[in-house]
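protein-v5.csv, holding CSV, C-alpha atoms:
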chain,number,residue,atom,x,y,z
A,1,MET,CA,-74.2,-6.2,16.6
A,2,GLY,CA,-71.8,-6.9,13.8
A,3,ASN,CA,-70.9,-10.5,13.4
A,4,ALA,CA,-72.3,-11.7,16.7
A,5,PRO,CA,-74.3,-15.0,16.6
A,6,TRP,CA,-78.1,-14.7,16.5
A,7,HIS,CA,-80.4,-15.7,19.4
A,8,VAL,CA,-83.2,-18.1,18.4
A,9,LEU,CA,-86.6,-17.0,19.6
A,10,HIS,CA,-89.2,-19.8,19.7
A,11,VAL,CA,-92.6,-18.4,18.9
A,12,LEU,CA,-96.2,-19.6,18.5
A,13,SER,CA,-96.7,-21.2,15.1
A,14,ASN,CA,-98.2,-18.7,12.6
A,15,HIS,CA,-97.1,-15.8,14.8
A,16,GLU,CA,-93.7,-15.3,13.3
A,17,LYS,CA,-94.6,-12.1,11.4
A,18,GLN,CA,-96.4,-10.7,14.5
A,19,VAL,CA,-93.4,-11.3,16.7
A,20,ALA,CA,-91.1,-9.7,14.0
A,21,ARG,CA,-93.3,-6.6,14.0
A,22,HIS,CA,-93.1,-6.4,17.9
A,23,LEU,CA,-89.3,-6.7,17.6
A,24,ALA,CA,-89.2,-3.9,15.0
A,25,VAL,CA,-91.3,-1.6,17.3
A,26,ARG,CA,-88.8,-2.2,20.1
A,27,SER,CA,-85.9,-1.5,17.7
A,28,VAL,CA,-84.5,-5.0,18.1
A,29,GLU,CA,-82.4,-6.3,15.2
A,30,HIS,CA,-84.1,-9.4,14.0
A,31,TYR,CA,-84.4,-11.6,10.9
A,32,LEU,CA,-87.4,-13.7,9.8
A,33,PRO,CA,-86.4,-15.6,6.6
A,34,LEU,CA,-89.5,-15.8,4.3
A,35,TYR,CA,-90.0,-17.6,1.0
A,36,THR,CA,-92.9,-17.4,-1.4
A,37,GLU,CA,-94.9,-20.2,-2.8
A,38,ARG,CA,-97.9,-20.7,-4.9
A,39,VAL,CA,-100.9,-22.0,-2.8
A,40,ARG,CA,-104.0,-23.3,-4.3
A,41,TRP,CA,-107.2,-22.4,-2.5
A,42,ILE,CA,-110.6,-23.8,-3.4
A,43,ASP,CA,-111.6,-20.8,-5.5
A,44,ARG,CA,-108.1,-19.4,-6.6
A,45,THR,CA,-104.4,-19.7,-6.5
A,46,VAL,CA,-102.4,-17.1,-4.5
A,47,ILE,CA,-98.8,-16.4,-3.7
A,48,ALA,CA,-98.1,-16.8,0.0
A,49,GLU,CA,-95.1,-15.7,2.0
A,50,ARG,CA,-94.1,-18.4,4.5
A,51,PRO,CA,-91.4,-18.5,7.2
A,52,LEU,CA,-88.4,-20.7,6.3
A,53,PHE,CA,-88.3,-21.9,9.9
A,54,ALA,CA,-91.9,-22.2,11.3
A,55,GLY,CA,-92.0,-21.2,14.9
A,56,TYR,CA,-88.7,-19.3,15.0
A,57,VAL,CA,-87.4,-15.8,14.6
A,58,PHE,CA,-83.7,-14.8,14.9
A,59,ALA,CA,-82.7,-11.7,16.9
A,60,HIS,CA,-79.7,-9.8,18.3
A,61,PHE,CA,-80.1,-8.4,21.8
A,62,SER,CA,-78.1,-8.0,25.0
A,63,PRO,CA,-78.5,-10.5,27.9
A,64,GLN,CA,-80.3,-7.7,29.9
A,65,ASN,CA,-83.1,-7.6,27.4
A,66,ARG,CA,-83.7,-11.4,27.4
A,67,ARG,CA,-86.7,-11.3,29.6
A,68,THR,CA,-88.3,-8.4,27.7
A,69,ILE,CA,-87.8,-10.2,24.4
A,70,ALA,CA,-89.3,-13.4,25.8
A,71,SER,CA,-92.4,-11.5,27.0
A,72,ILE,CA,-93.3,-10.3,23.5
A,73,PRO,CA,-96.9,-11.5,22.6
A,74,GLY,CA,-96.6,-14.7,20.6
A,75,ALA,CA,-93.1,-15.6,21.9
A,76,HIS,CA,-92.5,-18.8,23.9
A,77,ARG,CA,-88.9,-18.4,25.0
A,78,VAL,CA,-85.4,-17.6,23.9
A,79,LEU,CA,-83.6,-20.9,23.2
A,80,GLY,CA,-80.4,-21.5,25.2
A,81,ASP,CA,-77.9,-18.9,26.3
A,82,GLU,CA,-74.6,-20.4,25.1
A,83,ASP,CA,-72.9,-20.0,21.7
A,84,ARG,CA,-73.9,-23.6,20.8
A,85,ASP,CA,-77.6,-22.7,21.1
A,86,MET,CA,-77.2,-19.7,18.7
A,87,VAL,CA,-77.0,-19.5,14.9
A,88,SER,CA,-73.8,-18.0,13.5
A,89,HIS,CA,-73.8,-14.7,11.6
A,90,ALA,CA,-72.4,-16.6,8.5
A,91,GLU,CA,-75.3,-19.0,8.5
A,92,ILE,CA,-77.9,-16.2,8.6
A,93,GLU,CA,-76.0,-14.3,5.9
A,94,ARG,CA,-76.0,-17.4,3.6
A,95,ILE,CA,-79.7,-17.8,4.1
A,96,ARG,CA,-80.4,-14.1,3.5
A,97,GLU,CA,-78.3,-14.1,0.3
A,98,GLY,CA,-79.8,-17.4,-0.9
A,99,LEU,CA,-83.3,-16.1,-0.6
A,100,THR,CA,-82.4,-12.7,-2.1
A,101,THR,CA,-80.7,-14.3,-5.2
A,102,GLY,CA,-83.7,-16.6,-5.7
A,103,LEU,CA,-82.4,-19.9,-4.6
A,104,LEU,CA,-85.1,-22.5,-4.0
A,105,LEU,CA,-84.9,-22.7,-0.2
A,106,ARG,CA,-87.8,-24.5,1.5
A,107,ALA,CA,-88.6,-25.5,5.1
A,108,HIS,CA,-87.8,-29.0,5.9
A,109,ALA,CA,-88.3,-31.1,9.1
A,110,CYS,CA,-85.1,-32.3,10.8
A,111,ALA,CA,-83.7,-35.2,8.9
A,112,ALA,CA,-80.6,-37.3,8.9
A,113,VAL,CA,-81.1,-39.7,6.1
A,114,GLY,CA,-79.0,-40.5,2.9
A,115,THR,CA,-75.6,-39.5,1.9
A,116,ARG,CA,-73.7,-36.7,3.6
A,117,VAL,CA,-72.4,-34.1,1.0
A,118,ARG,CA,-70.7,-30.7,0.8
A,119,VAL,CA,-71.8,-27.9,-1.6
A,120,ARG,CA,-68.8,-27.0,-3.7
A,121,SER,CA,-69.5,-23.4,-4.7
A,122,GLY,CA,-71.9,-20.6,-4.7
A,123,VAL,CA,-73.6,-18.9,-1.7
A,124,PHE,CA,-73.7,-22.2,0.2
A,125,GLY,CA,-70.1,-23.3,-0.8
A,126,GLY,CA,-68.5,-25.4,1.9
A,127,VAL,CA,-71.8,-26.1,3.7
A,128,GLU,CA,-72.5,-29.7,4.5
A,129,GLY,CA,-75.9,-31.4,4.3
A,130,VAL,CA,-77.6,-34.7,3.7
A,131,VAL,CA,-79.0,-35.8,0.3
A,132,ALA,CA,-82.8,-36.2,0.6
A,133,GLN,CA,-83.8,-36.8,-3.0
A,134,LEU,CA,-82.2,-37.4,-6.3
A,135,ARG,CA,-83.7,-35.9,-9.5
A,136,ARG,CA,-82.2,-33.6,-12.1
A,137,GLN,CA,-81.5,-31.3,-9.2
A,138,CYS,CA,-80.3,-33.0,-6.0
A,139,LYS,CA,-82.3,-32.0,-2.9
A,140,VAL,CA,-79.9,-31.5,0.1
A,141,ILE,CA,-81.1,-31.0,3.6
A,142,ILE,CA,-79.0,-28.4,5.6
A,143,ALA,CA,-79.3,-28.2,9.3
A,144,LEU,CA,-78.7,-25.0,11.4
A,145,SER,CA,-76.0,-25.4,14.0
A,146,GLY,CA,-77.3,-25.7,17.5
A,147,ARG,CA,-80.9,-26.2,16.6
A,148,CYS,CA,-82.9,-29.0,15.2
A,149,GLN,CA,-84.2,-26.9,12.3
A,150,SER,CA,-83.4,-27.6,8.7
A,151,PHE,CA,-84.1,-26.4,5.2
A,152,SER,CA,-83.7,-28.0,1.8
A,153,LEU,CA,-81.7,-26.6,-1.1
A,154,GLU,CA,-81.8,-27.9,-4.7
A,155,VAL,CA,-78.4,-28.2,-6.2
A,156,ALA,CA,-76.9,-29.7,-9.4
A,157,LEU,CA,-75.1,-33.0,-8.7
A,158,GLU,CA,-71.9,-31.5,-10.2
A,159,ASP,CA,-71.9,-28.9,-7.4
A,160,LEU,CA,-71.7,-31.5,-4.6
A,161,GLU,CA,-68.9,-33.6,-3.2
A,162,LEU,CA,-69.2,-36.6,-1.0
A,163,VAL,CA,-68.2,-36.1,2.7
A,164,ASN,CA,-68.6,-39.6,4.1
A,165,LEU,CA,-69.4,-42.7,2.0
A,166,THR,CA,-70.1,-44.9,5.0
A,167,PHE,CA,-72.8,-42.7,6.5
A,168,ARG,CA,-76.1,-44.5,6.6
A,169,SER,CA,-79.1,-44.0,8.8
A,170,PRO,CA,-80.8,-47.1,10.2
A,171,HIS,CA,-84.1,-45.5,9.0
A,172,VAL,CA,-83.1,-45.4,5.3
A,173,PRO,CA,-83.8,-48.4,3.1
A,174,LYS,CA,-80.6,-49.9,1.6
A,175,ALA,CA,-81.7,-48.9,-1.9
A,176,SER,CA,-81.7,-45.2,-1.0
A,177,CYS,CA,-78.1,-45.4,0.2
A,178,GLU,CA,-77.1,-47.3,-2.9
A,179,ALA,CA,-78.7,-44.5,-5.0
A,180,GLY,CA,-76.6,-42.0,-3.0
A,181,SER,CA,-73.4,-44.0,-3.8
A,182,ARG,CA,-74.2,-44.1,-7.5
A,183,ILE,CA,-73.6,-40.3,-7.7
A,184,GLN,CA,-70.0,-40.7,-6.5
A,185,PRO,CA,-68.5,-40.7,-10.1
A,186,LEU,CA,-70.4,-37.5,-10.9
A,187,MET,CA,-68.9,-35.8,-7.9
A,188,ALA,CA,-65.4,-37.3,-7.5
A,189,ARG,CA,-62.6,-34.9,-8.2
Turn this file's structure into structure tokens for me.
Amino acid sequence: MGNAPWHVLHVLSNHEKQVARHLAVRSVEHYLPLYTERVRWIDRTVIAERPLFAGYVFAHFSPQNRRTIASIPGAHRVLGDEDRDMVSHAEIERIREGLTTGLLLRAHACAAVGTRVRVRSGVFGGVEGVVAQLRRQCKVIIALSGRCQSFSLEVALEDLELVNLTFRSPHVPKASCEAGSRIQPLMAR
């Protein structure tokens, strides 16, 4: 389907891989972004593959197949039917490339706290997000367009630029916003 936007299929939690298998059997182009993480069990540590967006699978399909896709075991529904309810091809490609190149992408709940920033370069160059945490690497929360789903990306402070210095969520303590404003000299160009 080329550069067409991706439909968002809402699925039962922990059924993402099962739904992806059903889509593959039906020859439906789909994408389930997965990341690996070390999980400690009682008796051992294992490497687990987890969906970047729990409860969601992305797919390309024609409007005539909408009902068939929504009836796949484990699927709740297809979200929306307008472009604003879909995820752009460019966003999916950035996520795919980021995971392939080993960037530390992790699932993150929807959040709008801290300082709004733009990534300067790399796979996510030009993408805007919200600073969630400041350490050696700055953790930025990036939201998908049209959906309240987000993921975090760890980026060096030098690779960020401020977008809006006056942005401040009422849920963020003043000290957090001041910490965000302290990074301005590092990012100003």
Between CA of Val19 (chain A) and CA of Met86 (chain A), distance in Å (one decimal):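 Taking CA of Val19 (chain A) and CA of Met86 (chain A), their separation equals 18.4 Å.
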- request: Could you check how far CA of Ala59 (chain A) sits from CA of Trp6 (chain A), in Å to one decimal?
  value: 5.5 Å
message: Neighbouring residues of Gly129 (chain A) were defined as those with any atom within 6 Å, considering all atoms listed in the file; residues of the same chain fewer than 4 positions away were excluded. Please report them as an MDAnalysis selection string.
response: chainID A and resid 116:117 140:142
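Distances to Arg96 (chain A) were evaluated for A:Leu144, A:Ala54, A:Leu32, A:Ala48 using all atoms listed in the file, and the minimum falls at A:Leu32.
Closest approach to Val78 (chain A) among A:Arg50, A:His7, A:Ile42, A:Tyr31: A:His7, based on only C-alpha atoms.
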- prompt: If you measure from CA of Leu105 (chain A) to CA of Glu154 (chain A), what distance in Å do you get, rounded to one decimal?
  reply: 7.5 Å
Each region 65-125 of chain A residue no farther than 12 Å from region 33-39 of chain A, nearest pair in Å, only C-alpha atoms, as CSV:
residue,atom,partner,partner_atom,distance
A:Glu91,CA,A:Pro33,CA,11.8
A:Ile92,CA,A:Pro33,CA,8.8
A:Glu93,CA,A:Pro33,CA,10.5
A:Arg94,CA,A:Pro33,CA,11.0
A:Ile95,CA,A:Pro33,CA,7.5
A:Arg96,CA,A:Pro33,CA,6.9
A:Glu97,CA,A:Pro33,CA,10.4
A:Gly98,CA,A:Pro33,CA,10.2
A:Leu99,CA,A:Tyr35,CA,7.0
A:Thr100,CA,A:Tyr35,CA,9.6
A:Thr101,CA,A:Tyr35,CA,11.7
A:Gly102,CA,A:Tyr35,CA,9.3
A:Leu103,CA,A:Tyr35,CA,9.7
A:Leu104,CA,A:Tyr35,CA,8.5
A:Leu105,CA,A:Tyr35,CA,7.3
A:Arg106,CA,A:Tyr35,CA,7.3
A:Ala107,CA,A:Tyr35,CA,9.0
field: Among the residues A:Asn65, A:Ser88, A:Asn14, A:Ser121, the one that comes closest to Ser27 (chain A) [using only C-alpha atoms]
entry: A:Asn65
field: Selected residue, from A:Ser150, A:Val127, A:Glu16, A:Gly74, that lies nearest to Leu162 (chain A) when counting only C-alpha atoms
entry: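 Between A:Ser150, A:Val127, A:Glu16, A:Gly74, the residue approaching Leu162 (chain A) most closely is A:Val127.
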message: Counting only C-alpha atoms, which residue out of A:Glu128, A:Asp83, A:Asp159, A:Glu49 sits closest to Ala4 (chain A)?
response: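 Going through A:Glu128, A:Asp83, A:Asp159, A:Glu49 one by one, the smallest distance to Ala4 (chain A) is for A:Asp83.
Among the candidates A:Arg120, A:His15, A:Arg21, A:His60, the one nearest to His89 (chain A) when counting all atoms listed in the file is A:His60.
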